[in-house]
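Novice: Can you read through this structure? Questions will come right after.
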Amino acid sequence: RKRKEMANTFKSVTSGSIGTTVVPVYTCPSSTTTIVLGASIANIASSPIAGTIKLNKNGGDTVHVVKQAPVPNGSSIEVMAGNKVVLEASDKLEFQSDTADSVDTIISLLEIT
């Protein structure tokens, strides 16, 4: 029996100037499982902000990875340190801030197809 090889692709996904509207920064492609290795929120505003990351499960719950995490101005936080999140097809990672145009984000991930 021939074994099917799976492709592993490391990626980084970025989005800048996120504000008070929820922004889907990454959507897991069809026929793919994605492991989120890290996610950071950087405050690009001139005052402290609160950043939120949500996991929107395709056809299911929307849950918080982190809710209104305080980020001092000029700083960033790594919200996935030591933790991994598995995304299935059409699952989304969504970002939001309590302040307009105040968050830059980077997601590091591994796509398995």
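Please note that chains go A, B, ... in the order of the structure tokens, that every chain numbers its residues from 1, and that ligands are numbered from 1 in the order shown.
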Using only C-alpha atoms, determine which residues lie at most 7 Å from Ser90 (chain A), disregarding the query and same-chain residues fewer than 5 positions distant; provide the list as a list of chain:residue names.
Specialist: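 Counting only C-alpha atoms, the residues come to A:Thr27, A:Cys28, A:Pro29, A:Ser30, A:Asn58.
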Novice: Just list the residues in region 56-107 of chain A DSSP gives strand (DSSP E) on the backbone, as a list in words.
Specialist: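 Matching residues, listed in order: Asn56, Thr62, Val63, His64, Val65, Val66, Lys67, Gln68, Ala69, Pro70, Val71, Ser76, Ile77, Glu78, Val85, Val86, Leu87, Lys92, Leu93, Glu94, Phe95, Gln96, Ser97, Val103, Asp104, Thr105, Ile106 and Ile107 of chain A.
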Novice: Considering only C-alpha atoms, return as an MDAnalysis selection string whatever protein or nucleic-acid residues lie within 6 Å of Leu93 (chain A), sequence-local ones (same chain, fewer than 6 positions apart) excluded.
Specialist: chainID A and resid 24:26 54:55
Novice: Keeping N, CA and C atoms, export the residues of the selection given above as a compact mmCIF listing (two decimals), in the first residue's frame.
Specialist:
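Wrote again12.txt, looks like this:
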# COMPACT_ATOMS: atom_id res chain seq x y z
N PRO A 24 -10.82 39.48 9.82
CA PRO A 24 -10.34 38.10 9.65
C PRO A 24 -8.97 38.12 8.98
N VAL A 25 -7.91 37.90 9.75
CA VAL A 25 -6.54 38.01 9.23
C VAL A 25 -6.13 36.72 8.53
N TYR A 26 -6.61 35.56 9.01
CA TYR A 26 -6.24 34.29 8.38
C TYR A 26 -7.44 33.37 8.36
N LYS A 54 -9.89 36.36 18.15
CA LYS A 54 -10.97 35.37 18.22
C LYS A 54 -10.70 34.24 17.24
N LEU A 55 -11.13 33.05 17.62
CA LEU A 55 -11.14 31.89 16.73
C LEU A 55 -12.59 31.67 16.33
Novice: Do you know which residues are at most 12 Å from Val22 (chain A) counting only C-alpha atoms, after dropping those on the same chain fewer than 6 positions away, and could you put them as a list in words?
Specialist: Gly51, Thr52, Ile53, Lys54, Leu55, Asn56, Lys92, Leu93, Glu94, Phe95, Gln96, Ser97, Asp98, Thr99, Ala100, Asp101 and Val103 of chain A
Novice: Between A:Asp91, A:Val71, A:Leu109, A:Val36, which is the closest to Lys57 (chain A) once you count only C-alpha atoms?
Specialist: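 Of A:Asp91, A:Val71, A:Leu109, A:Val36, the one nearest Lys57 (chain A) is A:Asp91, counting only C-alpha atoms.
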Novice: Work out how far CA of Thr33 (chain A) is from CA of Thr20 (chain A), in Å to one decimal.
Specialist: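 Interatomic distance, CA of Thr20 (chain A) to CA of Thr33 (chain A): 28.8 Å.
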Novice: What gap, in Å, lies between CA of Glu111 (chain A) and CA of Thr14 (chain A)?
Specialist: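 Computing the Euclidean distance for CA of Glu111 (chain A) and CA of Thr14 (chain A) yields 15.6 Å.
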Novice: Give me the residues near Pro48 (chain A) as a list in words, where near means some atom within 8 Å (using only C-alpha atoms) and where sequence neighbours in that chain fewer than 4 positions away do not count.
Specialist: Asn43, Pro70, Val71, Pro72 and Asn73 of chain A
Novice: Which neighbours of region 6-11 of chain A fall inside 9 Å, counting only C-alpha atoms, when residues of the same chain fewer than 5 positions from it are skipped, and could you give them as a list in words?
Specialist: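 Using only C-alpha atoms, the neighbours found are Ile107, Ser108, Leu109, Leu110, Glu111, Ile112 and Thr113 of chain A.
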Novice: Hey, can you spit out that residue selection with C-alpha atoms as a PDB file, in the first residue's frame?
Specialist:
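Produced file part_22.pdb, reproduced below:
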ATOM      1  CA  ILE A 107       0.751  35.124  12.751  1.00  0.00           C
ATOM      2  CA  SER A 108       3.260  32.304  12.300  1.00  0.00           C
ATOM      3  CA  LEU A 109       1.724  29.031  11.187  1.00  0.00           C
ATOM      4  CA  LEU A 110       2.202  25.606   9.637  1.00  0.00           C
ATOM      5  CA  GLU A 111      -0.196  24.499   6.901  1.00  0.00           C
ATOM      6  CA  ILE A 112      -0.550  20.741   6.430  1.00  0.00           C
ATOM      7  CA  THR A 113      -2.126  19.592   3.159  1.00  0.00           C
TER       8      THR A 113
END
Novice: In Å to one decimal, how far is CA of Gly38 (chain A) from CA of Ala81 (chain A)?
Specialist: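 These atoms are spaced 6.5 Å apart.
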Novice: Could you check the closest approach to Glu88 (chain A) for each of A:Ser75, A:Thr34, A:Ser40, A:Thr62 and tell me which residue wins, using only C-alpha atoms?
Specialist: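 Smallest separation from Glu88 (chain A) among the options: A:Thr34.
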Novice: Give me the residues within 8 Å of Ala39 (chain A) as a list in words, counting only C-alpha atoms and dropping any in the same chain fewer than 2 places off.
Specialist: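 Listing them by chain and then by number gives Val36, Leu37, Ile41, Glu78, Val79, Met80, Thr105, Ile106, Ile107 and Ser108 of chain A.
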